[in-house]
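Source file: final-v4.cif; contents: mmCIF, C-alpha atoms.
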```
data_final
#
loop_
_atom_site.label_atom_id
_atom_site.label_comp_id
_atom_site.auth_asym_id
_atom_site.auth_seq_id
_atom_site.Cartn_x
_atom_site.Cartn_y
_atom_site.Cartn_z
CA MET A 25 195.71 46.65 207.68
CA LYS A 26 195.46 50.20 206.39
CA VAL A 27 198.80 50.34 204.66
CA ARG A 28 198.82 49.84 200.90
CA THR A 29 202.00 49.26 198.95
CA SER A 30 200.99 50.50 195.52
CA ILE A 31 198.77 53.25 194.16
CA ASP A 32 196.97 50.67 191.98
CA GLU A 33 196.11 48.66 195.06
CA ALA A 34 194.98 51.77 196.95
CA ILE A 35 192.43 52.79 194.32
CA ASN A 36 191.57 49.56 192.45
CA ASP A 37 187.92 49.48 193.61
CA ILE A 38 187.02 52.96 192.38
CA GLN A 39 184.32 52.60 189.73
CA ASP A 40 183.19 54.82 186.88
CA GLY A 41 180.73 57.43 188.16
CA ALA A 42 182.30 57.67 191.62
CA THR A 43 182.29 60.86 193.68
CA ILE A 44 185.78 61.71 194.93
CA MET A 45 186.95 64.50 197.23
CA VAL A 46 190.47 65.67 196.48
CA GLY A 47 192.41 67.71 199.03
CA GLY A 48 194.55 70.75 198.33
CA PHE A 49 194.41 74.48 197.72
CA GLY A 50 195.88 75.45 194.38
CA LEU A 51 198.69 72.95 193.97
CA VAL A 52 199.54 72.82 197.68
CA GLY A 53 198.51 69.75 199.64
CA ILE A 54 197.21 67.86 196.63
CA PRO A 55 197.49 64.04 196.56
CA GLU A 56 199.45 64.16 193.34
CA LYS A 57 200.29 60.47 193.14
CA LEU A 58 196.68 59.36 193.73
CA ILE A 59 195.50 61.77 191.01
CA ALA A 60 198.13 60.32 188.68
CA GLY A 61 196.83 56.86 189.59
CA LEU A 62 193.31 57.86 188.62
CA LEU A 63 194.63 59.17 185.30
CA LYS A 64 196.38 55.85 184.63
CA LYS A 65 193.37 53.79 185.71
CA GLY A 66 191.14 55.76 183.34
CA THR A 67 188.10 55.86 185.64
CA ARG A 68 185.40 57.96 183.97
CA ASN A 69 182.28 60.03 184.71
CA LEU A 70 183.78 61.21 187.94
CA THR A 71 182.30 63.84 190.22
CA ILE A 72 185.25 65.64 191.78
CA ILE A 73 184.85 67.80 194.88
CA SER A 74 187.93 69.97 195.28
CA ASN A 75 188.55 73.65 195.93
CA ASN A 76 190.32 74.04 192.58
CA CYS A 77 190.87 71.90 189.50
CA GLY A 78 194.64 71.98 189.17
CA ILE A 79 196.16 73.85 186.24
CA ASP A 80 196.24 73.00 182.54
CA ASP A 81 198.00 69.65 182.11
CA TYR A 82 198.85 69.19 185.77
CA ALA A 83 197.15 67.61 188.78
CA LEU A 84 193.33 67.50 188.37
CA GLY A 85 193.79 69.40 185.10
CA THR A 86 195.10 66.18 183.53
CA LEU A 87 191.78 64.42 184.24
CA LEU A 88 190.01 67.22 182.35
CA THR A 89 192.17 66.69 179.30
CA THR A 90 191.23 63.00 179.26
CA ARG A 91 187.54 63.86 179.91
CA GLN A 92 187.41 61.69 183.03
CA ILE A 93 185.57 64.37 185.01
CA ARG A 94 181.82 64.72 184.42
CA LYS A 95 181.08 67.16 187.21
CA MET A 96 183.19 69.47 189.31
CA VAL A 97 182.25 70.97 192.68
CA ALA A 98 184.69 73.80 193.42
CA SER A 99 185.06 77.38 194.59
CA TYR A 100 187.63 78.68 192.12
CA VAL A 101 188.87 77.37 188.77
CA GLY A 102 190.51 80.49 187.37
CA GLU A 103 193.87 78.89 186.66
CA ASN A 104 192.57 76.49 184.08
CA LYS A 105 191.73 77.42 180.48
CA GLU A 106 190.68 73.91 179.50
CA PHE A 107 188.21 73.95 182.38
CA GLU A 108 186.73 77.25 181.20
CA ARG A 109 186.48 75.95 177.62
CA GLN A 110 184.77 72.66 178.59
CA PHE A 111 182.35 74.49 180.85
CA LEU A 112 181.44 77.24 178.38
CA ASP A 113 180.95 74.58 175.67
CA GLY A 114 178.59 72.68 177.98
CA GLU A 115 180.81 69.58 178.17
CA LEU A 116 181.39 69.76 181.89
CA GLU A 117 178.93 70.14 184.74
CA LEU A 118 179.98 72.64 187.39
CA GLU A 119 178.72 73.51 190.83
CA PHE A 120 180.32 76.63 192.23
CA VAL A 121 180.32 76.83 196.02
CA PRO A 122 181.68 79.74 198.09
CA GLN A 123 184.97 78.55 199.56
CA GLY A 124 183.90 78.75 203.19
CA THR A 125 180.63 77.03 202.37
CA LEU A 126 182.53 74.28 200.58
CA ALA A 127 184.80 73.75 203.59
CA GLU A 128 181.83 73.71 205.95
CA ARG A 129 179.71 71.42 203.74
CA ILE A 130 182.54 68.91 203.77
CA ARG A 131 183.10 69.38 207.50
CA ALA A 132 179.37 68.93 208.15
CA GLY A 133 179.19 65.84 205.94
CA GLY A 134 181.97 64.14 207.86
CA ALA A 135 180.54 65.27 211.20
CA GLY A 136 177.04 63.87 210.66
CA ILE A 137 175.35 67.23 210.13
CA PRO A 138 173.02 67.08 207.12
CA ALA A 139 172.63 70.84 206.59
CA PHE A 140 173.38 74.25 208.08
CA PHE A 141 172.67 77.95 207.49
CA THR A 142 175.35 80.37 206.31
CA PRO A 143 175.22 84.02 205.20
CA ALA A 144 177.62 83.44 202.29
CA GLY A 145 175.86 83.62 198.94
CA VAL A 146 172.61 85.18 200.16
CA GLY A 147 171.22 87.46 197.44
CA THR A 148 173.40 85.85 194.74
CA GLN A 149 172.70 83.26 192.08
CA LEU A 150 174.45 80.62 194.18
CA ALA A 151 171.55 80.80 196.66
CA GLU A 152 168.80 80.56 194.03
CA GLY A 153 166.27 77.83 194.81
CA LYS A 154 167.66 77.29 198.30
CA GLU A 155 165.83 77.93 201.56
CA ILE A 156 166.52 81.34 203.11
CA ARG A 157 165.84 81.94 206.80
CA THR A 158 166.34 85.00 208.96
CA PHE A 159 168.04 84.81 212.36
CA ASP A 160 168.38 88.01 214.44
CA GLY A 161 167.49 90.11 211.43
CA LYS A 162 170.12 88.63 209.11
CA ALA A 163 169.37 86.31 206.16
CA TYR A 164 171.05 82.93 205.82
CA VAL A 165 170.93 80.23 203.15
CA LEU A 166 170.52 76.52 203.83
CA GLU A 167 173.43 74.45 202.56
CA THR A 168 173.74 70.66 202.74
CA GLY A 169 176.61 68.55 204.03
CA LEU A 170 178.75 66.71 201.48
CA ARG A 171 180.05 63.17 201.53
CA ALA A 172 182.00 61.21 198.96
CA ASP A 173 182.59 57.59 197.93
CA PHE A 174 186.31 58.23 198.26
CA SER A 175 188.48 61.01 199.65
CA PHE A 176 192.07 61.50 198.53
CA VAL A 177 194.13 63.41 201.07
CA LYS A 178 197.79 64.32 201.22
CA ALA A 179 199.75 64.42 204.48
CA TRP A 180 203.33 65.09 205.43
CA LYS A 181 203.61 62.34 208.03
CA GLY A 182 201.32 59.44 208.77
CA ASP A 183 201.46 56.28 210.82
CA ARG A 184 200.24 52.77 210.06
CA ALA A 185 197.05 53.50 212.05
CA GLY A 186 196.17 56.37 209.70
CA ASN A 187 196.98 59.27 212.03
CA LEU A 188 198.09 62.23 209.90
CA ILE A 189 200.10 65.44 210.22
CA TYR A 190 200.11 68.10 207.51
CA ASN A 191 202.86 70.57 206.67
CA LYS A 192 202.14 74.32 206.70
CA THR A 193 199.43 75.48 204.27
CA SER A 194 199.12 72.00 202.77
CA CYS A 195 196.57 71.34 205.53
CA ASN A 196 193.68 73.30 203.91
CA PHE A 197 190.77 71.00 202.90
CA ASN A 198 192.49 67.73 203.77
CA PRO A 199 191.26 67.20 207.37
CA MET A 200 187.56 67.72 206.56
CA MET A 201 187.79 65.58 203.45
CA ALA A 202 189.41 62.77 205.43
CA ALA A 203 186.30 62.67 207.63
CA ALA A 204 183.80 63.01 204.77
CA GLY A 205 185.05 60.14 202.60
CA ARG A 206 183.38 56.75 202.99
CA VAL A 207 186.80 55.41 202.03
CA THR A 208 189.64 57.83 202.68
CA VAL A 209 192.99 57.19 201.07
CA ALA A 210 195.88 59.16 202.54
CA GLU A 211 199.01 59.74 200.49
CA VAL A 212 201.88 60.42 202.91
CA GLU A 213 205.48 61.42 202.39
CA GLU A 214 206.70 59.65 205.49
CA LEU A 215 205.04 56.52 206.89
CA LEU A 216 205.89 55.81 210.51
CA GLU A 217 205.27 53.01 212.97
CA VAL A 218 202.36 53.31 215.37
CA GLY A 219 203.46 55.37 218.34
CA ALA A 220 206.00 57.45 216.46
CA LEU A 221 203.72 60.49 216.14
CA ASP A 222 203.21 62.70 219.18
CA PRO A 223 199.45 62.44 219.93
CA ASN A 224 199.45 66.14 220.86
CA PHE A 225 200.23 67.06 217.29
CA VAL A 226 198.07 64.69 215.26
CA HIS A 227 195.86 66.71 212.89
CA THR A 228 193.69 63.92 211.52
CA PRO A 229 192.96 60.99 213.86
CA GLY A 230 193.30 57.57 212.24
CA VAL A 231 189.60 56.75 212.56
CA PHE A 232 188.95 58.93 209.51
CA VAL A 233 191.51 57.16 207.33
CA GLN A 234 190.93 53.71 205.77
CA ARG A 235 194.03 53.41 203.57
CA VAL A 236 197.53 54.85 203.80
CA ILE A 237 200.18 54.80 201.14
CA GLN A 238 203.67 56.19 201.31
CA CYS A 239 204.79 57.94 198.13
CA THR A 240 208.12 59.47 197.23
CA GLY A 241 209.23 61.98 194.64
CA HIS A 242 206.46 64.52 195.09
CA GLU A 243 206.78 67.22 192.48
CA LYS A 244 205.15 69.99 194.61
CA LYS A 245 204.92 72.37 191.69
CA ILE A 246 204.76 76.08 192.56
CA GLU A 247 201.98 78.00 190.86
CA ARG A 248 203.26 81.54 191.51
CA ARG A 249 206.85 81.69 192.59
CA THR A 250 207.02 85.11 194.24
CA VAL A 251 210.26 86.31 195.81
CA ARG A 252 211.65 89.50 197.25
CA SER A 253 215.12 90.69 196.48
CA LEU A 254 217.62 90.54 199.32
CA GLY A 255 217.97 93.68 201.36
CA ARG A 256 214.31 94.72 201.35
CA MET B 2 195.53 113.29 188.87
CA ALA B 3 193.99 109.88 189.37
CA LEU B 4 195.87 107.63 191.78
CA THR B 5 198.19 104.85 190.60
CA ARG B 6 197.58 101.25 191.71
CA GLU B 7 200.27 101.71 194.34
CA GLN B 8 198.63 104.90 195.62
CA ILE B 9 195.24 103.16 195.86
CA ALA B 10 196.95 100.46 197.93
CA GLN B 11 198.64 103.16 200.02
CA ARG B 12 195.29 104.84 200.74
CA ALA B 13 193.68 101.49 201.55
CA ALA B 14 196.45 100.75 204.07
CA GLN B 15 195.24 103.76 206.07
CA GLU B 16 192.06 101.75 206.82
CA ILE B 17 194.10 99.32 208.90
CA GLU B 18 194.37 99.97 212.62
CA SER B 19 196.92 98.56 215.01
CA GLY B 20 195.67 95.27 216.46
CA PHE B 21 193.59 94.39 213.40
CA TYR B 22 193.31 90.96 211.84
CA VAL B 23 193.00 91.66 208.12
CA ASN B 24 192.25 89.62 205.02
CA LEU B 25 193.60 91.04 201.75
CA GLY B 26 192.14 89.84 198.44
CA ILE B 27 193.98 89.04 195.24
CA GLY B 28 195.34 91.79 192.95
CA ILE B 29 195.67 95.41 194.14
CA PRO B 30 194.54 94.40 197.68
CA THR B 31 197.66 92.22 198.00
CA LEU B 32 199.78 95.36 197.42
CA VAL B 33 198.21 96.98 200.50
CA ALA B 34 200.53 94.92 202.72
CA ASN B 35 203.50 96.93 201.40
CA TYR B 36 202.10 100.14 202.90
CA ILE B 37 201.19 99.09 206.44
CA PRO B 38 203.39 101.23 208.73
CA MET B 39 205.93 99.25 210.74
CA ASP B 40 204.63 100.68 214.03
CA LYS B 41 201.21 99.08 213.54
CA GLN B 42 200.70 95.55 214.86
CA VAL B 43 198.70 93.86 212.14
CA VAL B 44 198.08 90.18 211.47
CA LEU B 45 197.24 89.23 207.88
CA GLN B 46 194.95 86.25 207.38
CA SER B 47 195.11 84.01 204.34
CA GLU B 48 191.93 82.01 203.80
CA ASN B 49 193.81 78.90 202.73
CA GLY B 50 194.71 78.47 206.39
CA LEU B 51 197.26 80.91 207.80
CA LEU B 52 197.22 83.77 210.28
CA GLY B 53 200.40 85.82 210.10
CA ILE B 54 201.52 86.25 206.50
CA GLY B 55 205.07 87.57 206.30
CA PRO B 56 206.96 89.17 203.40
CA TYR B 57 207.62 87.31 200.16
CA PRO B 58 210.48 84.84 200.63
CA THR B 59 214.00 85.26 199.35
CA GLU B 60 214.96 82.73 196.69
CA ALA B 61 216.51 80.58 199.43
CA GLU B 62 213.43 80.76 201.65
CA VAL B 63 210.90 79.64 199.00
CA ASP B 64 208.74 76.82 200.41
CA SER B 65 206.38 75.09 197.98
CA GLU B 66 203.97 74.32 200.84
CA LEU B 67 203.63 77.88 202.09
CA ILE B 68 201.37 80.02 199.92
CA ASN B 69 198.75 82.76 200.24
CA ALA B 70 195.24 82.66 198.78
CA GLY B 71 196.63 84.08 195.53
CA LYS B 72 198.85 80.97 195.35
CA GLU B 73 201.98 83.11 195.75
CA THR B 74 204.89 81.80 197.80
CA ILE B 75 205.10 83.66 201.13
CA THR B 76 206.70 83.49 204.57
CA MET B 77 205.21 83.49 208.08
CA ILE B 78 205.75 86.07 210.82
CA PRO B 79 206.77 84.92 214.32
CA GLY B 80 203.57 83.90 216.11
CA ALA B 81 201.85 82.71 212.97
CA SER B 82 199.38 79.83 213.07
CA ILE B 83 198.21 77.22 210.56
CA PHE B 84 194.74 75.68 210.38
CA SER B 85 192.26 73.99 208.08
CA SER B 86 190.00 75.73 205.58
CA ALA B 87 186.99 75.04 207.83
CA GLU B 88 188.62 76.80 210.76
CA SER B 89 189.79 79.60 208.48
CA PHE B 90 186.25 80.33 207.42
CA ALA B 91 184.97 79.96 210.97
CA MET B 92 187.26 82.93 211.65
CA ILE B 93 185.88 84.81 208.67
CA ARG B 94 182.20 83.94 208.98
CA GLY B 95 182.28 84.22 212.74
CA GLY B 96 183.19 87.91 212.59
CA HIS B 97 186.70 87.51 213.99
CA ILE B 98 188.37 89.29 211.07
CA ASN B 99 188.31 93.08 211.52
CA LEU B 100 188.71 94.06 207.91
CA SER B 101 188.43 92.54 204.45
CA ILE B 102 189.92 94.51 201.55
CA LEU B 103 189.00 93.11 198.16
CA GLY B 104 188.74 94.03 194.50
CA GLY B 105 185.54 94.79 192.63
CA MET B 106 184.01 94.89 189.17
CA GLU B 107 180.89 96.83 190.26
CA VAL B 108 179.53 98.31 193.49
CA SER B 109 175.95 99.56 193.75
CA ARG B 110 174.35 102.46 195.59
CA GLU B 111 173.31 100.11 198.38
CA GLY B 112 176.69 98.45 198.72
CA ASP B 113 176.05 95.38 196.59
CA LEU B 114 179.29 93.96 195.21
CA ALA B 115 179.93 92.09 191.95
CA ASN B 116 183.41 90.67 191.47
CA TRP B 117 183.32 86.98 190.59
CA VAL B 118 181.89 86.26 187.18
CA VAL B 119 181.24 87.78 183.76
CA PRO B 120 178.53 85.51 182.29
CA GLY B 121 179.57 83.74 179.10
CA LYS B 122 183.07 85.20 179.24
CA MET B 123 184.94 84.61 182.42
CA VAL B 124 184.50 81.58 184.62
CA LYS B 125 186.68 81.73 187.69
CA GLY B 126 184.40 81.24 190.68
CA PRO B 127 183.76 83.13 193.89
CA GLY B 128 186.64 81.66 195.91
CA GLY B 129 186.27 82.99 199.44
CA ALA B 130 184.80 86.38 198.50
CA MET B 131 181.17 85.53 199.31
CA ASP B 132 182.13 84.35 202.78
CA LEU B 133 184.43 87.31 203.40
CA VAL B 134 181.93 90.02 202.47
CA ASN B 135 179.29 88.49 204.75
CA GLY B 136 181.60 87.68 207.63
CA ALA B 137 184.28 90.33 208.07
CA GLN B 138 183.43 93.20 210.43
CA ARG B 139 184.21 95.78 207.75
CA VAL B 140 184.41 95.42 203.97
CA VAL B 141 186.42 97.84 201.84
CA VAL B 142 186.43 97.48 198.05
CA ILE B 143 189.36 98.91 196.10
CA MET B 144 189.17 99.22 192.33
CA GLU B 145 189.54 101.54 189.34
CA HIS B 146 186.72 104.10 189.29
CA CYS B 147 185.82 103.20 185.68
CA SER B 148 186.28 100.09 183.55
CA LYS B 149 188.88 99.90 180.76
CA ASN B 150 186.32 101.21 178.26
CA GLY B 151 185.38 104.12 180.49
CA GLN B 152 182.15 102.80 182.01
CA PRO B 153 181.45 103.71 185.66
CA LYS B 154 181.95 100.79 188.06
CA ILE B 155 179.97 102.52 190.81
CA VAL B 156 176.37 102.18 189.70
CA ASP B 157 172.75 102.33 190.86
CA GLU B 158 172.27 98.60 190.38
CA CYS B 159 174.95 96.04 189.52
CA SER B 160 174.53 94.50 186.07
CA LEU B 161 176.87 91.60 186.84
CA PRO B 162 175.94 88.67 189.13
CA LEU B 163 176.41 89.64 192.77
CA THR B 164 179.02 88.46 195.22
CA GLY B 165 177.04 89.90 198.13
CA LYS B 166 174.08 92.14 198.78
CA ARG B 167 174.50 95.27 200.93
CA VAL B 168 177.92 94.20 202.12
CA VAL B 169 180.34 97.02 201.20
CA HIS B 170 181.17 99.73 203.75
CA ARG B 171 183.68 101.81 201.81
CA ILE B 172 184.95 102.10 198.23
CA ILE B 173 188.45 103.36 197.45
CA THR B 174 189.22 104.07 193.79
CA ASP B 175 191.85 105.92 191.78
CA MET B 176 189.53 108.96 191.95
CA ALA B 177 187.77 108.93 195.29
CA VAL B 178 186.90 107.48 198.68
CA ILE B 179 183.16 106.80 198.96
CA ASP B 180 181.17 105.48 201.92
CA VAL B 181 178.01 103.41 201.67
CA THR B 182 175.56 105.00 204.13
CA LYS B 183 171.89 104.53 204.96
CA THR B 184 171.05 107.65 202.97
CA GLY B 185 173.19 106.76 199.95
CA LEU B 186 176.76 106.95 198.68
CA GLU B 187 178.76 109.69 200.34
CA LEU B 188 181.81 111.22 198.68
CA LYS B 189 184.42 111.59 201.44
CA GLU B 190 187.69 112.22 199.63
CA ILE B 191 188.87 112.92 196.08
CA ALA B 192 192.27 112.42 194.48
CA PRO B 193 194.51 115.50 194.54
CA GLY B 194 193.99 117.58 191.41
CA LEU B 195 190.56 116.17 190.56
CA THR B 196 187.30 118.09 190.80
CA VAL B 197 184.05 117.00 192.43
CA GLU B 198 182.33 117.48 189.06
CA GLY B 199 184.86 115.16 187.43
CA VAL B 200 184.22 112.46 190.03
CA LEU B 201 180.44 112.82 189.80
CA HIS B 202 180.68 112.55 186.01
CA ALA B 203 182.64 109.29 186.27
CA THR B 204 180.16 107.76 188.75
CA GLY B 205 177.01 105.92 187.68
CA ALA B 206 175.10 106.61 190.89
CA GLU B 207 174.13 109.67 192.86
CA LEU B 208 176.76 110.88 195.36
CA ILE B 209 176.18 112.97 198.46
CA VAL B 210 179.16 115.28 198.83
CA ASP B 211 180.47 115.37 202.41
CA PRO B 212 180.68 119.03 203.55
CA LYS B 213 184.06 118.08 205.06
CA LEU B 214 185.28 116.66 201.73
CA LYS B 215 189.07 116.47 201.53
CA PHE B 216 191.83 115.37 199.21
CA ILE B 217 193.17 111.83 199.51
CA GLU B 218 196.52 111.90 201.29
CA VAL B 219 199.08 109.76 199.51
CA GLN B 220 202.70 110.08 198.51
#
```
Rendering of file as structure tokens:
Amino acid sequence: MKVRTSIDEAINDIQDGATIMVGGFGLVGIPEKLIAGLLKKGTRNLTIISNNCGIDDYALGTLLTTRQIRKMVASYVGENKEFERQFLDGELELEFVPQGTLAERIRAGGAGIPAFFTPAGVGTQLAEGKEIRTFDGKAYVLETGLRADFSFVKAWKGDRAGNLIYNKTSCNFNPMMAAAGRVTVAEVEELLEVGALDPNFVHTPGVFVQRVIQCTGHEKKIERRTVRSLGR
Amino acid sequence: MALTREQIAQRAAQEIESGFYVNLGIGIPTLVANYIPMDKQVVLQSENGLLGIGPYPTEAEVDSELINAGKETITMIPGASIFSSAESFAMIRGGHINLSILGGMEVSREGDLANWVVPGKMVKGPGGAMDLVNGAQRVVVIMEHCSKNGQPKIVDECSLPLTGKRVVHRIITDMAVIDVTKTGLELKEIAPGLTVEGVLHATGAELIVDPKLKFIEVQ
């Protein structure tokens, strides 16, 4: 029931103006095939919630080039000149959120918690206009939970029931986003039969996932290939 | 002589005690890892979801799904653990990280830090810095003492938008080590060969000179 056989089929009901959470940190753990599907489909006026916005001409960066993104909610977009240009020229709406606050807002949204207090951002422009309250002598800012019409997540292994396992640091924002999407689409590298995953090691339980699609040929581009020479 | 970037990193590494869980920011802070003595047991945290960063990989070890917060390819030490961004920041915000070492554009007399945006010019975003400065047990900022055009980066009041208010405990620059105290900024150490007058001249805020002032020890 959850398994889809094509990207088109997995995202065909996404309308212009939708809010979509997209997993990943940098280029690691991004649902690259679902993003490519969105590019092909041409859906516009999107609000994208994602820690970063890809790089120029790759991943979410491609949706900037085609002007499909109206608003971005992110913590860091420093790798993307086109992003900076569109924002400084007033063509793109941007909501910066401290990274931990972003993770927690998404977690809270998926966990049925409408708002919470955090110290991050107190005394900065990111807390302007928000309620500040003091607990035990320390100031905290009220932040709201986030939900989305759709969440795109990327997993290493998944089963037909939507249980997911991530690989290394590709986990990042994916588990919270899976829970915060009204419809969560999981792009997996390996799709297994129900029962094939060890329940002890499931990261995202299937209840959070509405659609699963197996994709091959992931590019997994490396942003900063850093190596040491042998012998050090 | 003012310290080199490597010497700043070397001095910053002396802040790390055995048993510490440490988060290193992007830029010079990342270099600090190279100077942690082998006999200290230190676990480096990466806010994208890893405890236990190892050395950079060899060409054969490169794994596209194993990166640090600076998006560099890395390895893991034995005993490392992987987790989500929410859990990562629970660690940070919850005060479980002993030390955060990060870069700065400006630090004020009261320990305010600005390091995430230059209005109208640079749009990058705060990343995890706002969470780190409010959550880590101790916050050390490492940076050049003055900007490229010679302006002091240690000032009475930050002119750039803040990352955090009253969050910095210690500043390490190419010229000096300065503590943020209740009574003001205290000059603890200066770079070998520099004078107190020279450091005061390059600083945009009043400094209290520690009677036990010493030279920074680096190689």
Could you list the residues in chain B lying within 9 Å of chain A, using all atoms listed in the file, and format the result as a compact mmCIF listing (two decimals) with C-alpha atoms, in the frame of the given file?
```
# COMPACT_ATOMS: atom_id res chain seq x y z
CA GLU B 48 191.93 82.01 203.80
CA ASN B 49 193.81 78.90 202.73
CA GLY B 50 194.71 78.47 206.39
CA LEU B 51 197.26 80.91 207.80
CA PRO B 56 206.96 89.17 203.40
CA TYR B 57 207.62 87.31 200.16
CA PRO B 58 210.48 84.84 200.63
CA THR B 59 214.00 85.26 199.35
CA GLU B 60 214.96 82.73 196.69
CA GLU B 62 213.43 80.76 201.65
CA VAL B 63 210.90 79.64 199.00
CA ASP B 64 208.74 76.82 200.41
CA SER B 65 206.38 75.09 197.98
CA GLU B 66 203.97 74.32 200.84
CA LEU B 67 203.63 77.88 202.09
CA ILE B 68 201.37 80.02 199.92
CA ASN B 69 198.75 82.76 200.24
CA ALA B 70 195.24 82.66 198.78
CA GLY B 71 196.63 84.08 195.53
CA LYS B 72 198.85 80.97 195.35
CA GLU B 73 201.98 83.11 195.75
CA THR B 74 204.89 81.80 197.80
CA ILE B 75 205.10 83.66 201.13
CA SER B 82 199.38 79.83 213.07
CA ILE B 83 198.21 77.22 210.56
CA PHE B 84 194.74 75.68 210.38
CA SER B 85 192.26 73.99 208.08
CA SER B 86 190.00 75.73 205.58
CA ALA B 87 186.99 75.04 207.83
CA GLU B 88 188.62 76.80 210.76
CA SER B 89 189.79 79.60 208.48
CA PHE B 90 186.25 80.33 207.42
CA ALA B 91 184.97 79.96 210.97
CA ILE B 93 185.88 84.81 208.67
CA ARG B 94 182.20 83.94 208.98
CA GLY B 121 179.57 83.74 179.10
CA LYS B 122 183.07 85.20 179.24
CA MET B 123 184.94 84.61 182.42
CA VAL B 124 184.50 81.58 184.62
CA LYS B 125 186.68 81.73 187.69
CA GLY B 126 184.40 81.24 190.68
CA PRO B 127 183.76 83.13 193.89
CA GLY B 128 186.64 81.66 195.91
CA GLY B 129 186.27 82.99 199.44
CA ALA B 130 184.80 86.38 198.50
CA MET B 131 181.17 85.53 199.31
CA ASP B 132 182.13 84.35 202.78
CA LEU B 133 184.43 87.31 203.40
CA VAL B 134 181.93 90.02 202.47
CA ASN B 135 179.29 88.49 204.75
CA GLY B 136 181.60 87.68 207.63
CA PRO B 162 175.94 88.67 189.13
CA LEU B 163 176.41 89.64 192.77
CA THR B 164 179.02 88.46 195.22
CA GLY B 165 177.04 89.90 198.13
CA LYS B 166 174.08 92.14 198.78
```
task = Could you check how far CA of Ala151 (chain A) sits from CA of Pro120 (chain B), in Å to one decimal?
result =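 It comes out at 16.7 Å.
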Show me the residues around (182.3, 62.0, 208.9) - criterion: an atom at most 9 Å away, all atoms listed in the file counted - as a compact mmCIF listing (two decimals) with C-alpha atoms, keeping the file's coordinate frame.
```
# COMPACT_ATOMS: atom_id res chain seq x y z
CA ILE A 130 182.54 68.91 203.77
CA ARG A 131 183.10 69.38 207.50
CA ALA A 132 179.37 68.93 208.15
CA GLY A 133 179.19 65.84 205.94
CA GLY A 134 181.97 64.14 207.86
CA ALA A 135 180.54 65.27 211.20
CA GLY A 136 177.04 63.87 210.66
CA ILE A 137 175.35 67.23 210.13
CA ARG A 171 180.05 63.17 201.53
CA MET A 200 187.56 67.72 206.56
CA MET A 201 187.79 65.58 203.45
CA ALA A 202 189.41 62.77 205.43
CA ALA A 203 186.30 62.67 207.63
CA ALA A 204 183.80 63.01 204.77
CA GLY A 205 185.05 60.14 202.60
CA ARG A 206 183.38 56.75 202.99
CA PHE A 232 188.95 58.93 209.51
```
ask   = Which is closest to Leu103 (chain B) among B:Cys147, B:Val169, B:Val142, B:Val178, if we use all atoms listed in the file?
value = B:Val142
message = Evaluated on this file, the PyMOL selection byres ((chain B and resi 171) around 9) picks out some residues - which ones are they, written as a PyMOL selection string?
response = chain B and resi 112+139-143+169-170+172-173+178-181
For the residues in that selection, give me C-alpha atoms as a PDB file, in the coordinates of the input.
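So result-v9.pdb came out as:
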```pdb
ATOM      1  CA  GLY B 112     176.690  98.450 198.720  1.00  0.00           C
ATOM      2  CA  ARG B 139     184.210  95.780 207.750  1.00  0.00           C
ATOM      3  CA  VAL B 140     184.410  95.420 203.970  1.00  0.00           C
ATOM      4  CA  VAL B 141     186.420  97.840 201.840  1.00  0.00           C
ATOM      5  CA  VAL B 142     186.430  97.480 198.050  1.00  0.00           C
ATOM      6  CA  ILE B 143     189.360  98.910 196.100  1.00  0.00           C
ATOM      7  CA  VAL B 169     180.340  97.020 201.200  1.00  0.00           C
ATOM      8  CA  HIS B 170     181.170  99.730 203.750  1.00  0.00           C
ATOM      9  CA  ILE B 172     184.950 102.100 198.230  1.00  0.00           C
ATOM     10  CA  ILE B 173     188.450 103.360 197.450  1.00  0.00           C
ATOM     11  CA  VAL B 178     186.900 107.480 198.680  1.00  0.00           C
ATOM     12  CA  ILE B 179     183.160 106.800 198.960  1.00  0.00           C
ATOM     13  CA  ASP B 180     181.170 105.480 201.920  1.00  0.00           C
ATOM     14  CA  VAL B 181     178.010 103.410 201.670  1.00  0.00           C
TER      15      VAL B 181
END
```
Dump of region 55-73 of chain A from preceding block, C-alpha atoms, as a PDB file, in the first residue's frame:
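Once everything was written out, this is out_38.pdb:
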```
ATOM      1  CA  PRO A  55      16.257  12.804  -1.111  1.00  0.00           C
ATOM      2  CA  GLU A  56      17.924  13.632  -4.384  1.00  0.00           C
ATOM      3  CA  LYS A  57      15.521  11.752  -6.643  1.00  0.00           C
ATOM      4  CA  LEU A  58      12.418  13.313  -5.064  1.00  0.00           C
ATOM      5  CA  ILE A  59      13.972  16.782  -5.446  1.00  0.00           C
ATOM      6  CA  ALA A  60      14.693  15.983  -9.097  1.00  0.00           C
ATOM      7  CA  GLY A  61      11.050  14.893  -9.423  1.00  0.00           C
ATOM      8  CA  LEU A  62       9.876  18.226  -8.077  1.00  0.00           C
ATOM      9  CA  LEU A  63      12.120  20.009 -10.580  1.00  0.00           C
ATOM     10  CA  LYS A  64      10.617  17.977 -13.438  1.00  0.00           C
ATOM     11  CA  LYS A  65       7.053  18.456 -12.199  1.00  0.00           C
ATOM     12  CA  GLY A  66       7.587  22.220 -12.050  1.00  0.00           C
ATOM     13  CA  THR A  67       5.559  22.787  -8.873  1.00  0.00           C
ATOM     14  CA  ARG A  68       5.823  26.458  -7.911  1.00  0.00           C
ATOM     15  CA  ASN A  69       5.505  28.849  -4.963  1.00  0.00           C
ATOM     16  CA  LEU A  70       6.929  26.249  -2.653  1.00  0.00           C
ATOM     17  CA  THR A  71       7.831  26.795   0.977  1.00  0.00           C
ATOM     18  CA  ILE A  72      10.828  24.556   1.644  1.00  0.00           C
ATOM     19  CA  ILE A  73      11.906  23.676   5.183  1.00  0.00           C
TER      20      ILE A  73
END
```
